[in-house]
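Asker: Below is the structure I would like to discuss, written out as structure tokens.
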Amino acid sequence: MNDRQTPPELPQMAAIVSLTKRTGYVYPSSDIYNGLNGFFDYGPLGTTLKDNIRRFWWESMVERPPVGPDGRPLQTFGIDSSVILNPQVWQASGHVDGFHDELTDCAETKKRYRADHVMCYPARLNGESEMLGYVSVMSGDDAVEQLEKRYRFLEKSLSGKKLTRADFKDGVPYIELPEDEQKKVLAPDASAIGTLGAPREFGLMFETSVGALAGSDSKAYLRPETAQGIFINFRNVVASSRPRVPFGIAQVGKAFRNEITPRNFIFRSREFEQMEMEWFCDPEESDKWFEFWVHERREWWNRLGVRSENLIVRPHEKEELSHYSSATSDIEYRFPFARGEFGELEGVANRSDYDLQQHAKHAKVKMDFHDQANNRAFVPHVIEPSAGLTRALLAVLCDAYRYDESRPSKEYLALPPKLAPIKVGVFPLIAKEGQPEYAQKLNNHLSQFFTTRIEEKQSIGKRYARMDEIGTPFCITIDADTLTDNTVTVRDRDTGAQERISADKVDVYVDAKINPGAATLGGFKP
């Protein structure tokens, strides 16, 4: 990213993973038992950061939604649906029949791969026209680098004979190769050609049982998305809240997908959180609202604090669209693991009336909206902004990560003050002469309004370094002068600048930095 230095001995993503574990943002789940692939736990700082992002989304979408094209605030209603729903919900939505991946197993390594992610590239001996076979790698961030290694590996196994390098753009997914050609593939981690088996279906939903006895009649699923909980509550919200069209129903919650190849830290995991809103509108206005929400959601990420140069909006090509979508655009972020490319943060989709019609058909209920003002009934079309909360946390951490050899902490997090888990660090310069007692009184006062941490041990430089590393925007130091003139030193994390202010103005000072334009708080009285 433009204004960052990367430690030469450590790739940036590895640095972020290391920092988040040692500071208490993200831990591998079941760490003392060597972890469980695709699952993560969030430590004290990560839990707070995630809650701050969640809170900002909820305020922006439900409590203080944006103003619409007509100049009036939009209507959005919040719900919290169950993680386990009636299995018929997933039958109606198409997940039971269609939510699966094609897998292939390697007989040599016993590894399992998504067949559409195994990219196969032709391999021929130099000067020969006959196909020797295919070299394969997993699609992803380092595919080109891995492909070079696999070509060199195959050459070595051929006693040094040189291979003709195929154009990397000519790669074909394993699943698309004819059956006889699949037998000629060198698997991504294998040493011999022809070890991959025929692709077969693998369901992505986690199954569970409801009731005392496990069996086909008790089978249920952990939800793979939060959207369906909104659709099946459409009638309830209309009946209880009497909204006017257009309106939204929003929720934040856990979702579970049995990903075959979870990767890139918390970017693709098996348990994650979504922030979703379904916007129900007149079918004739769905295109207008789709454009509105694409623009609004792009702007929201800027307001969250993610830098514009690291964000793009990517409309889906026609062949990419889901069966229910007439238009979809992804808001993507330049993650450091993506070799300068972008990864999805949020999708905004025009789902038409597909979901409501499906549930109307399977549940045998009406999903119409009665527009009394115009004396008409219709099934609304739906615009869905769907963001990943855990991906949002990762993007915020990546965007805030800095490396600077000249600072007390070479690595630090320039988190937006409104998101920082700890807003204020309070330090007595020395652990005597009444400074710790004064610091405790000041900390007690500030903790009524902000998350604070009082630090008394080690040098002031090391304490600054610890606070910088976790992203604390302001540090307040109490010294000998404080006890005589009631002034303290406030240090800014990003600039390192220090300012001497009256202690009874500290709360107002910090609040103005975190919440510009907010009401003034009361003064501190030592």
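We name chains A, B, ... following the order of the structure tokens; residues begin at 1 in each chain, and ligands are numbered from 1 as shown.
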Which neighbours of A:Met275 fall inside 10 Å, counting only C-alpha atoms, when residues of the same chain fewer than 2 positions from it are skipped, and could you give them as a tab-separated table (two decimals) with N, CA, C and O atoms, in the first residue's frame?
Answerer:
chain	number	residue	atom	x	y	z
A	54	ARG	N	-19.39	-3.45	14.08
A	54	ARG	CA	-20.80	-3.85	14.07
A	54	ARG	C	-21.70	-2.71	14.49
A	54	ARG	O	-22.76	-2.46	13.89
A	57	TRP	N	-22.03	-0.10	11.76
A	57	TRP	CA	-22.92	-0.58	10.69
A	57	TRP	C	-24.38	-0.47	11.12
A	57	TRP	O	-25.23	0.01	10.37
A	58	TRP	N	-24.68	-0.91	12.34
A	58	TRP	CA	-26.06	-0.90	12.82
A	58	TRP	C	-26.61	0.53	12.92
A	58	TRP	O	-27.74	0.80	12.54
A	61	MET	N	-27.21	1.78	9.30
A	61	MET	CA	-28.23	1.10	8.50
A	61	MET	C	-29.60	1.07	9.17
A	61	MET	O	-30.63	1.05	8.48
A	226	THR	N	-27.35	-15.29	6.54
A	226	THR	CA	-28.37	-14.72	7.41
A	226	THR	C	-29.58	-14.22	6.64
A	226	THR	O	-30.62	-13.92	7.22
A	227	ALA	N	-29.48	-14.13	5.31
A	227	ALA	CA	-30.53	-13.52	4.50
A	227	ALA	C	-31.87	-14.23	4.63
A	227	ALA	O	-32.93	-13.60	4.71
A	250	ALA	N	-32.81	-5.61	8.49
A	250	ALA	CA	-31.37	-5.85	8.65
A	250	ALA	C	-31.11	-6.76	9.83
A	250	ALA	O	-31.88	-6.81	10.79
A	251	GLN	N	-30.01	-7.49	9.73
A	251	GLN	CA	-29.53	-8.24	10.89
A	251	GLN	C	-28.04	-8.51	10.77
A	251	GLN	O	-27.48	-8.49	9.67
A	252	VAL	N	-27.43	-8.75	11.92
A	252	VAL	CA	-26.02	-9.13	12.00
A	252	VAL	C	-25.96	-10.46	12.73
A	252	VAL	O	-26.62	-10.62	13.76
A	253	GLY	N	-25.21	-11.42	12.22
A	253	GLY	CA	-25.15	-12.69	12.92
A	253	GLY	C	-24.17	-13.67	12.30
A	253	GLY	O	-23.61	-13.45	11.23
A	254	LYS	N	-24.01	-14.78	13.01
A	254	LYS	CA	-23.09	-15.83	12.58
A	254	LYS	C	-23.66	-16.62	11.40
A	254	LYS	O	-24.87	-16.83	11.29
A	273	GLU	N	-19.17	-13.87	10.54
A	273	GLU	CA	-20.33	-13.03	10.80
A	273	GLU	C	-20.65	-12.17	9.59
A	273	GLU	O	-19.75	-11.67	8.91
A	277	MET	N	-28.60	-6.54	4.90
A	277	MET	CA	-29.86	-5.82	4.86
A	277	MET	C	-30.56	-6.17	3.55
A	277	MET	O	-29.94	-6.18	2.49
A	346	GLU	N	-17.85	-6.77	0.33
A	346	GLU	CA	-19.31	-6.69	0.38
A	346	GLU	C	-19.86	-6.87	-1.02
A	346	GLU	O	-19.27	-6.43	-2.00
A	385	PRO	N	-27.52	-5.45	0.22
A	385	PRO	CA	-26.12	-5.18	0.59
A	385	PRO	C	-25.71	-6.18	1.69
A	385	PRO	O	-26.30	-6.20	2.77
A	386	SER	N	-24.72	-7.01	1.38
A	386	SER	CA	-24.29	-8.06	2.31
A	386	SER	C	-22.79	-7.95	2.53
A	386	SER	O	-22.00	-8.18	1.62
A	387	ALA	N	-22.41	-7.60	3.77
A	387	ALA	CA	-20.99	-7.40	4.10
A	387	ALA	C	-20.55	-8.43	5.13
A	387	ALA	O	-21.33	-8.86	5.98
A	388	GLY	N	-19.29	-8.80	5.07
A	388	GLY	CA	-18.72	-9.69	6.06
A	388	GLY	C	-18.12	-8.90	7.21
A	388	GLY	O	-17.25	-8.05	6.99
A	389	LEU	N	-18.59	-9.16	8.42
A	389	LEU	CA	-18.05	-8.44	9.58
A	389	LEU	C	-16.61	-8.85	9.86
A	389	LEU	O	-15.75	-8.01	10.15
A	390	THR	N	-16.33	-10.15	9.75
A	390	THR	CA	-14.96	-10.60	10.01
A	390	THR	C	-14.01	-10.11	8.90
A	390	THR	O	-12.85	-9.79	9.17
A	392	ALA	N	-14.52	-7.31	7.33
A	392	ALA	CA	-14.38	-5.88	7.63
A	392	ALA	C	-13.29	-5.67	8.67
A	392	ALA	O	-12.46	-4.75	8.55
Asker: Write out as an MDAnalysis selection string the set of residues from stretch 90-299 of chain A that DSSP, computed on the backbone, places in alpha helix (DSSP H).
Answerer: chainID A and resid 90:93 95:98 143:157 179:182 227:231 234:241 286:299
Asker: What are the nearest atom pairs, with distances in Å to one decimal, for all residues of stretch 255-331 of chain A that come at most 9 Å from stretch 352-361 of chain A, using only C-alpha atoms, set out by chain and rising residue number as a tab-separated table?
Answerer:
residue	atom	partner	partner_atom	distance
A:Pro283	CA	A:Ser352	CA	7.6
A:Ser286	CA	A:Ser352	CA	7.8
A:Tyr324	CA	A:Tyr354	CA	5.9
A:Ser325	CA	A:Ser352	CA	6.6
A:Ser326	CA	A:Ser352	CA	7.0
Asker: Of the residues A:Val137, A:Thr23, A:Lys366, A:Ala15, which is the one nearest to A:Met467, using only C-alpha atoms?
Answerer: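 For A:Met467, the nearest of the candidates is A:Thr23.
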Asker: I'd like the contact shell of A:Val210 - 10 Å cut-off, only C-alpha atoms, skipping same-chain residues fewer than 6 positions apart - returned as a VMD selection string.
Answerer: chain A and resid 84 86 217 to 221
Asker: Determine the nearest neighbour of A:Val424 from the options A:Asp507, A:Glu499, A:Asp494, A:Asp404, counting only C-alpha atoms.
Answerer: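 Nearest to A:Val424: A:Asp507.
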Asker: Just want the 10 Å neighbourhood of A:Lys21, counted on only C-alpha atoms, with same-chain residues fewer than 5 positions away dropped. Output as a PyMOL selection string.
Answerer: chain A and resi 16+26-28+41-43+46
Asker: Ranking A:Glu319, A:Asp189, A:Asp371, A:Glu271 by minimum distance to A:Val135 and counting only C-alpha atoms, which one comes first?
Answerer: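 With only C-alpha atoms as the atom set, the closest residue is A:Asp189.
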Asker: If you measure from atom CA of A:Ala373 to atom CA of A:Leu74, what distance in Å do you get, rounded to one decimal?
Answerer: 18.0 Å
Asker: Would you mind telling me which residue in A:His95, A:His370, A:Arg402, A:Arg270 lies nearest to A:Gly38 when using only C-alpha atoms?
Answerer: A:Arg270
Asker: Considering only C-alpha atoms, return as number ranges by chain whatever protein or nucleic-acid residues lie within 12 Å of A:Gln440, sequence-local ones (same chain, fewer than 2 positions apart) excluded.
Answerer: A: 425-428, 431, 434-438, 442-447, 452-456, 476-478, 526
Asker: Set the distance at 7 Å and use only C-alpha atoms: which residues neighbour A:Phe280 once local chain neighbours fewer than 3 positions away are removed? I'd like the list as a list in words.
Answerer: Val245, Pro246, Phe247, Gly248, Pro380, His381, Val382 and Ile383 of chain A
Asker: Grab the residues selected above and save them as a compact mmCIF listing (two decimals), in the first residue's frame with C-alpha atoms.
Answerer:
# COMPACT_ATOMS: atom_id res chain seq x y z
CA VAL A 245 -42.36 0.58 0.58
CA PRO A 246 -39.43 0.90 0.17
CA PHE A 247 -38.05 -0.35 3.47
CA GLY A 248 -35.25 -2.56 4.76
CA PRO A 380 -41.43 -6.55 -3.73
CA HIS A 381 -38.08 -6.84 -5.42
CA VAL A 382 -35.06 -6.97 -3.12
CA ILE A 383 -31.71 -5.17 -3.14
Asker: Which is closer to A:Ala512 than all the others in A:Pro417, A:Met367, A:Glu299, A:Arg407, using only C-alpha atoms?
Answerer: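 Of A:Pro417, A:Met367, A:Glu299, A:Arg407, the one nearest A:Ala512, counting only C-alpha atoms, is A:Pro417.
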